[in-house]
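To keep things clear, I will list the structure first and then write my remarks on it.
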Amino acid sequence: MNRPHSRTSRRPRMRFDGWIAGMGTARGTRIVLGHWQRTPFGPFSDVMVEDADGERLLLAPSQETADFISGTYTFDTVRVVPVEVDVRDDTWTVTADPLSLCFTVGRRGWLGLALRAVPDGIARRPAWSALTDWPARVLMSGVQTRGSAGGGRTEWYGALDLHPLRTVSASFDGADLGPIAPVTPPVRFGFGSAPRTPSLTRITTTVALSPERP
């Protein structure tokens with residue numbers, strides 16, 4: 001006799017492999033860039049912005065990606081615009097009208113070296129995210145690696161590398177946002193958050209969609 005499927009087994013999972021850069025600026029704007037090489041939608045990049053007044057904005061390159069991201073996280077405004085990312089050595093340049101962003105990446109520290117030692121196959125497993133959730137909260141200023149997302153979804157993060165950011169230059173609608181600063185207060189896009197220290201993280205994100213209806 002076939003056993004009935006559990007609610008967990010009936011939840012499709014979507015995996016995203018790439019990089020997340022989180023940073024603050026002196027004028028109180030916090031920025032989270034997702035630069036994804038492998039996703040169900042193909043390669044793409046997106047930017048989440050929260051200004052000093054708490055207004056949350058998503059910049060996504062297509063309606064399809066905008067719908068998925070805004071169904072997983074929370075924003076006040078969503079814009080579909082081209083998001084271009086150019087990486088040359090340690091310098092990343094991002095163009096996503098109305099945002100212009102450039103940041104430089106430093107050498108990884110001991111935590112980055114430790115993350116690189118974890119095999120990819122292990123880091124991608126939700127069980128590993130559950131195991132590392134408490135250490136991440138302690139070592140990375142409250143960052144969570146698993147939790148409930150929007151639309152009845154569940155999400156897991158598996159970090160594979162970590163670099164500090166050295167400099168940030170950014171403008172929004174032509175207004176300079178000031179130099180690099182800690183990511184404070186924490187961003188409020190969803191259960192996950194960026195580390196307080198500006199950083200670039202190689203990451204695998206797994207999203208379990210809401211259970212299918214019978």
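The way I read the labels, and the way they are meant: chains A, B, ... in the order of the structure tokens, residue 1 as the first residue of every chain, and ligand 1 as the first ligand shown, with later ones counted on from there.
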
Contact residues around Gly178 (chain A) with only C-alpha atoms at 10 Å, ignoring same-chain residues under 6 positions, as JSON, numbers by chain:
{"A": [24, 25, 26, 27, 28, 29, 168, 169, 170, 171]}

Would you list, as a CSV table (one decimal) with C-alpha atoms, in the first residue's frame, the residues of region 17-83 of chain A that end up in alpha helix (DSSP H) under DSSP run on this structure's backbone?
chain,number,residue,atom,x,y,z
A,63,GLN,CA,8.0,40.7,-13.8
A,64,GLU,CA,8.5,37.0,-13.1
A,65,THR,CA,11.4,37.6,-10.7
A,66,ALA,CA,9.7,40.6,-9.1
A,67,ASP,CA,6.5,38.5,-8.5
A,68,PHE,CA,8.5,35.7,-6.9
A,69,ILE,CA,10.7,37.9,-4.7
A,70,SER,CA,7.8,40.1,-3.5
A,71,GLY,CA,5.9,36.9,-2.7
A,72,THR,CA,8.7,35.8,-0.5

In Å, rounded to a single decimal, give me how far CA of Val32 (chain A) is from CA of Pro182 (chain A).
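Taking CA of Pro182 (chain A) and CA of Val32 (chain A), their separation equals 12.4 Å.
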
Please provide the set of residues having any atom within 12 Å of Trp19 (chain A), restricted to only C-alpha atoms, with same-chain residues fewer than 5 positions apart removed, written as a VMD selection string.
chain A and resid 32 to 39 43 to 47 85 87 92 157 to 163 199 to 205

Would you export the selected residues with C-alpha atoms as a PDB file, in the first residue's frame, please?
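Final output, saved to out-v4.pdb:
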ATOM      1  CA  VAL A  32      21.060  44.138  -0.259  1.00  0.00           C
ATOM      2  CA  LEU A  33      22.204  42.911  -3.677  1.00  0.00           C
ATOM      3  CA  GLY A  34      21.423  39.409  -4.887  1.00  0.00           C
ATOM      4  CA  HIS A  35      23.628  38.245  -7.760  1.00  0.00           C
ATOM      5  CA  TRP A  36      22.416  34.794  -8.814  1.00  0.00           C
ATOM      6  CA  GLN A  37      24.234  32.501 -11.261  1.00  0.00           C
ATOM      7  CA  ARG A  38      21.876  29.497 -11.036  1.00  0.00           C
ATOM      8  CA  THR A  39      18.136  29.829 -10.412  1.00  0.00           C
ATOM      9  CA  PRO A  43      20.878  34.026 -14.026  1.00  0.00           C
ATOM     10  CA  PHE A  44      19.698  37.402 -12.726  1.00  0.00           C
ATOM     11  CA  SER A  45      20.423  40.088 -10.133  1.00  0.00           C
ATOM     12  CA  ASP A  46      18.077  42.061  -7.886  1.00  0.00           C
ATOM     13  CA  VAL A  47      18.434  44.836  -5.319  1.00  0.00           C
ATOM     14  CA  VAL A  85      26.245  43.878 -12.347  1.00  0.00           C
ATOM     15  CA  VAL A  87      32.538  42.320 -11.483  1.00  0.00           C
ATOM     16  CA  TRP A  92      31.563  45.365  -8.148  1.00  0.00           C
ATOM     17  CA  TYR A 157      20.272  29.786   3.698  1.00  0.00           C
ATOM     18  CA  GLY A 158      23.541  27.897   3.293  1.00  0.00           C
ATOM     19  CA  ALA A 159      26.648  30.129   3.319  1.00  0.00           C
ATOM     20  CA  LEU A 160      29.727  28.976   1.388  1.00  0.00           C
ATOM     21  CA  ASP A 161      32.066  31.985   1.614  1.00  0.00           C
ATOM     22  CA  LEU A 162      32.262  35.401   3.272  1.00  0.00           C
ATOM     23  CA  HIS A 163      34.228  38.577   2.504  1.00  0.00           C
ATOM     24  CA  SER A 199      29.847  41.863   3.617  1.00  0.00           C
ATOM     25  CA  LEU A 200      29.640  39.708   0.504  1.00  0.00           C
ATOM     26  CA  THR A 201      28.445  36.136   1.031  1.00  0.00           C
ATOM     27  CA  ARG A 202      28.406  33.247  -1.398  1.00  0.00           C
ATOM     28  CA  ILE A 203      25.156  31.479  -0.672  1.00  0.00           C
ATOM     29  CA  THR A 204      22.655  28.810  -1.593  1.00  0.00           C
ATOM     30  CA  THR A 205      19.050  29.687  -0.838  1.00  0.00           C
TER      31      THR A 205
END

Got a sec: who's within 7 Å of Val78 (chain A), counting only C-alpha atoms, leaving out chain neighbours fewer than 4 positions off, as a ChimeraX atom specification?
/A:57-59

Name the residues in contact with Thr167 (chain A) at a cut-off of 10 Å, using only C-alpha atoms, excluding same-chain residues fewer than 5 positions from it; report them as a list in words.
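Those residues are Met23, Thr91, Cys102, Phe103, Thr104, Val105, Gly106, Pro179, Ile180, Ala181 and Pro198 of chain A.
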
Go ahead and save the residues from that selection, with N, CA and C atoms, as a JSON list (two decimals), in the first residue's frame.
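Here's the written file out_9.json:
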[["chain", "number", "residue", "atom", "x", "y", "z"],
["A", 23, "MET", "N", 24.98, 46.00, 2.78],
["A", 23, "MET", "CA", 25.77, 47.15, 3.21],
["A", 23, "MET", "C", 24.86, 48.27, 3.67],
["A", 91, "THR", "N", 36.22, 44.70, -7.45],
["A", 91, "THR", "CA", 35.29, 45.82, -7.57],
["A", 91, "THR", "C", 34.00, 45.38, -8.26],
["A", 102, "CYS", "N", 28.68, 51.09, -6.30],
["A", 102, "CYS", "CA", 29.99, 50.49, -6.53],
["A", 102, "CYS", "C", 30.57, 50.13, -5.17],
["A", 103, "PHE", "N", 31.09, 48.91, -5.03],
["A", 103, "PHE", "CA", 31.72, 48.54, -3.77],
["A", 103, "PHE", "C", 32.94, 47.67, -4.04],
["A", 104, "THR", "N", 33.86, 47.68, -3.09],
["A", 104, "THR", "CA", 35.06, 46.87, -3.20],
["A", 104, "THR", "C", 35.07, 45.82, -2.09],
["A", 105, "VAL", "N", 35.63, 44.66, -2.42],
["A", 105, "VAL", "CA", 35.59, 43.49, -1.55],
["A", 105, "VAL", "C", 36.97, 43.24, -0.95],
["A", 106, "GLY", "N", 37.02, 42.96, 0.35],
["A", 106, "GLY", "CA", 38.27, 42.66, 1.03],
["A", 106, "GLY", "C", 38.55, 41.17, 1.09],
["A", 179, "PRO", "N", 29.35, 57.40, 2.50],
["A", 179, "PRO", "CA", 30.26, 56.25, 2.54],
["A", 179, "PRO", "C", 29.67, 55.06, 3.27],
["A", 180, "ILE", "N", 30.45, 53.99, 3.28],
["A", 180, "ILE", "CA", 30.04, 52.72, 3.89],
["A", 180, "ILE", "C", 29.75, 52.89, 5.37],
["A", 181, "ALA", "N", 28.74, 52.13, 5.85],
["A", 181, "ALA", "CA", 28.34, 52.17, 7.26],
["A", 181, "ALA", "C", 27.75, 50.81, 7.63],
["A", 198, "PRO", "N", 29.10, 45.22, 6.84],
["A", 198, "PRO", "CA", 28.94, 45.09, 5.38],
["A", 198, "PRO", "C", 29.77, 43.94, 4.84]]

For Arg13 (chain A): contacts at 10 Å, only C-alpha atoms, fewer than 6 positions along chain excluded, given as a list in words
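Answer for this query is Arg153, Thr154, Glu155, Thr206, Val207, Ala208, Leu209 and Ser210 of chain A.
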
Requested write-out: N, CA and C atoms of the selected residues, as a tab-separated table (two decimals), in the first residue's frame:
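File selection_28.tsv, as written:
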chain	number	residue	atom	x	y	z
A	153	ARG	N	5.63	30.26	2.61
A	153	ARG	CA	6.87	29.63	2.19
A	153	ARG	C	7.84	29.48	3.36
A	154	THR	N	8.76	28.54	3.23
A	154	THR	CA	9.84	28.35	4.18
A	154	THR	C	11.15	28.48	3.43
A	155	GLU	N	12.17	29.09	4.08
A	155	GLU	CA	13.42	29.37	3.39
A	155	GLU	C	14.60	28.94	4.24
A	206	THR	N	17.35	27.99	-0.49
A	206	THR	CA	16.31	27.06	-0.88
A	206	THR	C	14.97	27.56	-0.35
A	207	VAL	N	14.00	27.68	-1.23
A	207	VAL	CA	12.66	28.15	-0.85
A	207	VAL	C	11.66	27.02	-1.08
A	208	ALA	N	10.98	26.60	-0.02
A	208	ALA	CA	9.90	25.62	-0.14
A	208	ALA	C	8.59	26.38	-0.29
A	209	LEU	N	7.90	26.14	-1.39
A	209	LEU	CA	6.66	26.85	-1.66
A	209	LEU	C	5.56	26.36	-0.72
A	210	SER	N	4.46	27.10	-0.69
A	210	SER	CA	3.34	26.71	0.18
A	210	SER	C	2.80	25.36	-0.25

Using Å and a single decimal, report how far CA of Gly18 (chain A) sits from CA of Arg30 (chain A).
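Here the two named atoms are 19.9 Å from each other.
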